[in-house]
Amino acid sequence: MTGNALGREIPDRIGSRKAIPFGGAFAKTPTGTKAPRPQKAAAQHEDKVLPTIEAAIEACGLSNGMTISFHHSFREGDRVINLVLDACARMGLKDLRICPTALFGVHEPIVGHIESGVVSRIEGSMNGPVGAFISKGGKLSEPAVLRSHGGRWRAIEAGAMEIDVAFIAAPQADPYGNATGIRGKTPCGPISFQAVDAQYARKTVVVTNDLAPYPVFPMEIQQGWTDYVVVVDEIGDPASIASGTLQLTNSPTNLLIARLTVEAVKASGYFKDGFSFQGGAGGMSLAATKFLGDEMEKAKIVGSFGMGGGTKMLVDMLRRGQIRAILDGQAFDLDAIASLREDPAHLMMDPGLYANYDSRGCSTYKLDAAFLGATEVDLDFNVNVNTHSDGQLLHGIGGHQDVAAGAAMTMITLPALRGRIPPIVERVTTVTTPGEVIDVIVTERGIAVNPRRGDLLERFRAAGLPVRELADIKRDADRYIQPVRRPVFGDEVIAAIEWRDGTVIDVVRKVEEWQ
């Protein structure tokens, strides 16, 4: 065991890999070169279209112990992950490692594939039942590995995550393998999360329900990366991209937090022409984005860009001329998908452009302000978004680390009380994002400023904002909490949380009991 820069005990090895402890948000300097990409060539008139998923699996030479990957742009509406894994099971494949960009409730059938031995390893964010299964003792042959969006892109380019076959759900594709997510029968928004998979995987299979004449565009996935194309009846349901968490909040507490967040932005010194922000897609973040737009209109401020997850809220701001552009990595609602087709200033970006630590520049580094959520925060401003207070692994990282590290002012919005469970704790259950990149925590009981940011503290006080010490907000809230059953962790590591540079910021251990 080795203590990392946050004092978290990190095993020397995570499964078959040596673990490098987290040393600080920007402590690691990239060295060396990117991993080699496989050579791919096509005969002049090669037919890439295959009749079934099984035929593609056979053509790719997928065998026991190999690694396959997927994207999550359909979110709860995805069909392709289950479709492919069911085909693998029918063909008798075992010990597969899956590397999805994220898993959701719709992927609960993966639990059965773990139990039967079809899937033995997971490297990718787990939201919901798969994470719960692993937390409760569901066995993988190695601990799961969770990465941010930018961290996943970096890992593939660096060769830390090698992919044998990438299966890409494409709402529209042509027979030569060009594919897009914003056109077709069931558009889901950008699919460029998997562009790096398509380039570095040994084989790439585009799975579509809309085979269109050549050329399909925009070419998010290019013909030169694609080995095979398979046409199926269904790849996903766009109506399930949005979920309850993507609706504007109507909670008085959350609306108060959203308003305080915007007041803090106005007082920060960043609120001026050319202002840039990332708003998030939770109900509280959506409310903050709406209130921010109202204030920008009053002040006649035009922002340089809004970043997403595209939402109707951002699209409305673009069309009203309040921001010059949207940089969009994934669509969170159908309005955003339509805007990607219709609005020239609504731009698609892949996670490499967005947040790759091993690059000469991330779009997140150009952000002035960002509104992010949390499961827990602690008195050192560390943030947990992966586990609940009961220790259960139920959420992925998404872009949390990437945005927090990049924005000039990162704001965590959360209630001081969540029911009678305290989200402000002495020490977070799991560290996802370190306190050194968190600037402000906004609650309904006051605004806490990281001691590193004395400039913001002075501005907020001058503006008459309710600034308080985080410890005081915690003491205030603790008067109303009920006793919470705390997890007792064993020694077994079930998941590793990587920082965006590939170092290990924390691990998740199996819960043995509660006290």
# chains A, B, ... in the order shown; residues from 1 in each chain; ligands from 1
>>> residues_around(residues="Ser339 of chain A", least_positions_apart="6", cutoff="9 Å", atoms="only C-alpha atoms", output="list in words")
Lys312, Val315 and His346 of chain A
>>> closest_atom_pairs(of="segment 378-450 of chain A", to="segment 1-6 of chain A", cutoff="10 Å", atoms="only C-alpha atoms", output="tab-separated table")
residue	atom	partner	partner_atom	distance
A:Asp380	CA	A:Leu6	CA	9.8
A:Asn382	CA	A:Leu6	CA	9.2
A:Val431	CA	A:Leu6	CA	8.7
A:Pro434	CA	A:Leu6	CA	7.9
A:Gly435	CA	A:Leu6	CA	9.3
>>> write_last_selection(atoms="C-alpha atoms", output="mmCIF file, in the first residue's frame")
data_model
loop_
_atom_site.group_PDB
_atom_site.id
_atom_site.type_symbol
_atom_site.label_atom_id
_atom_site.label_comp_id
_atom_site.auth_asym_id
_atom_site.auth_seq_id
_atom_site.Cartn_x
_atom_site.Cartn_y
_atom_site.Cartn_z
ATOM 1 C CA ASP A 380 -11.038 19.809 2.352
ATOM 2 C CA ASN A 382 -12.793 16.952 -2.021
ATOM 3 C CA VAL A 431 -12.500 10.903 -3.699
ATOM 4 C CA PRO A 434 -9.617 16.659 -5.426
ATOM 5 C CA GLY A 435 -10.320 19.805 -3.441
#
>>> residues_around(residues="Gln194 of chain A", least_positions_apart="3", cutoff="10 Å", atoms="only C-alpha atoms", output="list in words")
Ser69, Phe70, His71, His72, Ser73, Pro100, Thr101, Trp153, Ala166, Phe167, Ile168, Ala169, Pro190, Ile191, Asp197, Ala198, Gln199, Tyr200, Glu220, Ile221, Asp350 and Pro351 of chain A
>>> closest_atom_pairs(of="segment 126-199 of chain A", to="segment 10-32 of chain A", cutoff="12 Å", atoms="only C-alpha atoms", output="tab-separated table")
residue	atom	partner	partner_atom	distance
A:Leu140	CA	A:Gly15	CA	10.2
A:Ser141	CA	A:Gly15	CA	8.0
A:Glu142	CA	A:Gly15	CA	4.9
A:Pro143	CA	A:Gly15	CA	6.1
A:Ala144	CA	A:Gly15	CA	8.9
A:Val145	CA	A:Ile14	CA	8.9
A:Arg154	CA	A:Pro30	CA	10.3
A:Ala155	CA	A:Pro30	CA	11.8
A:Glu157	CA	A:Gly32	CA	11.7
A:Ala158	CA	A:Gly32	CA	9.1
A:Gly159	CA	A:Gly32	CA	11.4
A:Ala160	CA	A:Arg17	CA	9.6
A:Met161	CA	A:Arg17	CA	11.1
>>> residues_around(residues="His113 of chain A", least_positions_apart="6", cutoff="9 Å", atoms="only C-alpha atoms", output="list in words")
Leu85, Asp86, Ala89, Val119 and Ser120 of chain A
>>> write_last_selection(atoms="N, CA and C atoms", output="short mmCIF file (atom, residue, chain, number, x, y, z; two decimals), in the first residue's frame")
data_model
loop_
_atom_site.label_atom_id
_atom_site.label_comp_id
_atom_site.auth_asym_id
_atom_site.auth_seq_id
_atom_site.Cartn_x
_atom_site.Cartn_y
_atom_site.Cartn_z
N LEU A 85 -23.50 -8.43 -26.40
CA LEU A 85 -23.15 -9.38 -25.35
C LEU A 85 -24.02 -10.63 -25.41
N ASP A 86 -25.29 -10.47 -25.78
CA ASP A 86 -26.14 -11.65 -25.96
C ASP A 86 -25.61 -12.53 -27.09
N ALA A 89 -22.62 -14.41 -25.85
CA ALA A 89 -23.03 -15.53 -25.00
C ALA A 89 -23.49 -16.71 -25.85
N VAL A 119 -18.67 -12.01 -19.19
CA VAL A 119 -17.95 -10.77 -18.86
C VAL A 119 -17.20 -10.99 -17.56
N SER A 120 -15.89 -10.69 -17.55
CA SER A 120 -15.11 -10.88 -16.34
C SER A 120 -14.44 -9.60 -15.85
#
>>> atom_distance(atom1="atom CA of Met411 of chain A", atom2="atom CA of Tyr354 of chain A")
18.8 Å
>>> residues_around(residues="Pro175 of chain A", least_positions_apart="4", cutoff="10 Å", atoms="only C-alpha atoms", output="ChimeraX atom specification")
/A:46-50,179,206,211-216,223,228-231
>>> select_by_dssp(residues="segment 278-452 of chain A", states="helix (DSSP H, G or I)", output="PDB file with C-alpha atoms, in the first residue's frame")
ATOM      1  CA  GLY A 283     -32.071  19.776 -12.488  1.00  0.00           C
ATOM      2  CA  MET A 284     -30.185  22.280 -10.331  1.00  0.00           C
ATOM      3  CA  SER A 285     -27.573  22.970 -13.022  1.00  0.00           C
ATOM      4  CA  LEU A 286     -30.296  23.483 -15.621  1.00  0.00           C
ATOM      5  CA  ALA A 287     -31.968  26.024 -13.337  1.00  0.00           C
ATOM      6  CA  ALA A 288     -28.642  27.807 -12.823  1.00  0.00           C
ATOM      7  CA  THR A 289     -28.126  27.908 -16.588  1.00  0.00           C
ATOM      8  CA  LYS A 290     -31.577  29.417 -17.084  1.00  0.00           C
ATOM      9  CA  PHE A 291     -31.024  32.078 -14.403  1.00  0.00           C
ATOM     10  CA  LEU A 292     -27.581  32.807 -15.849  1.00  0.00           C
ATOM     11  CA  GLY A 293     -29.126  33.388 -19.261  1.00  0.00           C
ATOM     12  CA  ASP A 294     -31.628  35.798 -17.727  1.00  0.00           C
ATOM     13  CA  GLU A 295     -28.818  37.764 -16.062  1.00  0.00           C
ATOM     14  CA  MET A 296     -26.731  37.822 -19.245  1.00  0.00           C
ATOM     15  CA  GLU A 297     -29.716  39.262 -21.092  1.00  0.00           C
ATOM     16  CA  LYS A 298     -30.196  41.969 -18.452  1.00  0.00           C
ATOM     17  CA  ALA A 299     -26.509  42.885 -18.536  1.00  0.00           C
ATOM     18  CA  LYS A 312     -32.572  22.895 -24.828  1.00  0.00           C
ATOM     19  CA  MET A 313     -31.418  25.510 -22.338  1.00  0.00           C
ATOM     20  CA  LEU A 314     -28.112  25.995 -24.170  1.00  0.00           C
ATOM     21  CA  VAL A 315     -29.807  25.874 -27.571  1.00  0.00           C
ATOM     22  CA  ASP A 316     -32.217  28.639 -26.541  1.00  0.00           C
ATOM     23  CA  MET A 317     -29.302  30.803 -25.392  1.00  0.00           C
ATOM     24  CA  LEU A 318     -27.515  30.252 -28.717  1.00  0.00           C
ATOM     25  CA  ARG A 319     -30.581  31.152 -30.746  1.00  0.00           C
ATOM     26  CA  LEU A 334     -33.908  15.927 -28.562  1.00  0.00           C
ATOM     27  CA  ASP A 335     -33.748  19.712 -28.964  1.00  0.00           C
ATOM     28  CA  ALA A 336     -29.964  19.540 -28.784  1.00  0.00           C
ATOM     29  CA  ILE A 337     -29.873  16.830 -31.465  1.00  0.00           C
ATOM     30  CA  ALA A 338     -32.024  18.927 -33.797  1.00  0.00           C
ATOM     31  CA  SER A 339     -29.844  21.970 -33.157  1.00  0.00           C
ATOM     32  CA  LEU A 340     -26.690  20.032 -34.078  1.00  0.00           C
ATOM     33  CA  ARG A 341     -28.212  19.520 -37.526  1.00  0.00           C
ATOM     34  CA  GLU A 342     -29.614  23.022 -37.919  1.00  0.00           C
ATOM     35  CA  PRO A 351     -13.451  13.900 -25.627  1.00  0.00           C
ATOM     36  CA  GLY A 352      -9.921  14.394 -26.945  1.00  0.00           C
ATOM     37  CA  LEU A 353     -10.629  18.013 -27.843  1.00  0.00           C
ATOM     38  CA  TYR A 354     -12.733  18.378 -24.709  1.00  0.00           C
ATOM     39  CA  ALA A 355     -10.456  17.056 -22.022  1.00  0.00           C
ATOM     40  CA  SER A 363     -11.567  22.966 -24.272  1.00  0.00           C
ATOM     41  CA  THR A 364     -12.259  22.725 -20.558  1.00  0.00           C
ATOM     42  CA  TYR A 365      -9.199  24.917 -19.952  1.00  0.00           C
ATOM     43  CA  LYS A 366     -11.013  27.778 -21.722  1.00  0.00           C
ATOM     44  CA  HIS A 400     -16.609  15.902 -13.596  1.00  0.00           C
ATOM     45  CA  GLN A 401     -12.839  15.704 -13.131  1.00  0.00           C
ATOM     46  CA  ASP A 402     -12.109  17.222 -16.539  1.00  0.00           C
ATOM     47  CA  VAL A 403     -14.335  20.255 -16.077  1.00  0.00           C
ATOM     48  CA  ALA A 404     -13.342  20.856 -12.445  1.00  0.00           C
ATOM     49  CA  ALA A 405      -9.660  20.815 -13.367  1.00  0.00           C
ATOM     50  CA  GLY A 406     -10.169  23.082 -16.360  1.00  0.00           C
ATOM     51  CA  GLY A 435     -10.320  19.805  -3.441  1.00  0.00           C
ATOM     52  CA  GLU A 436      -7.443  21.648  -5.091  1.00  0.00           C
ATOM     53  CA  VAL A 437      -9.578  22.116  -8.234  1.00  0.00           C
TER      54      VAL A 437
END
>>> residues_around(residues="segment 272-275 of chain A", least_positions_apart="2", cutoff="10 Å", atoms="only C-alpha atoms", output="ChimeraX atom specification")
/A:266,268-270,277,296,299-306,322-324,366-369
>>> select_by_dssp(residues="segment 343-466 of chain A", states="strand (DSSP E or B)", output="ChimeraX atom specification")
/A:346-348,369-372,376-378,383-384,387,393,409-413,418,421,424-425,433,440-443,446-449
>>> closest_residue(among="A:Pro422, A:Asp476, A:Val508, A:Arg360", to="Gly490 of chain A", atoms="only C-alpha atoms")
A:Val508
>>> atom_distance(atom1="atom CA of Ile421 of chain A", atom2="atom CA of Arg453 of chain A")
28.4 Å
>>> closest_residue(among="A:Gly224, A:Gln278, A:Ile447, A:Val84", to="Glu263 of chain A", atoms="only C-alpha atoms")
A:Ile447
>>> residues_around(residues="Asn386 of chain A", least_positions_apart="6", cutoff="8 Å", atoms="only C-alpha atoms", output="PDB file with C-alpha atoms, in the first residue's frame")
ATOM      1  CA  THR A 375     -22.827  12.992  -3.855  1.00  0.00           C
ATOM      2  CA  LEU A 393     -20.734   2.160  -6.269  1.00  0.00           C
ATOM      3  CA  LEU A 394     -23.614   3.639  -8.244  1.00  0.00           C
ATOM      4  CA  HIS A 395     -22.298   6.441 -10.474  1.00  0.00           C
ATOM      5  CA  GLY A 396     -19.671   7.119 -13.093  1.00  0.00           C
ATOM      6  CA  ILE A 397     -17.313  10.072 -13.349  1.00  0.00           C
ATOM      7  CA  THR A 430     -14.555   8.135  -2.126  1.00  0.00           C
ATOM      8  CA  THR A 432     -13.434  11.493  -7.317  1.00  0.00           C
TER       9      THR A 432
END
>>> closest_residue(among="A:Ile98, A:Val504, A:Cys188, A:Ile326", to="Arg8 of chain A", atoms="only C-alpha atoms")
A:Val504
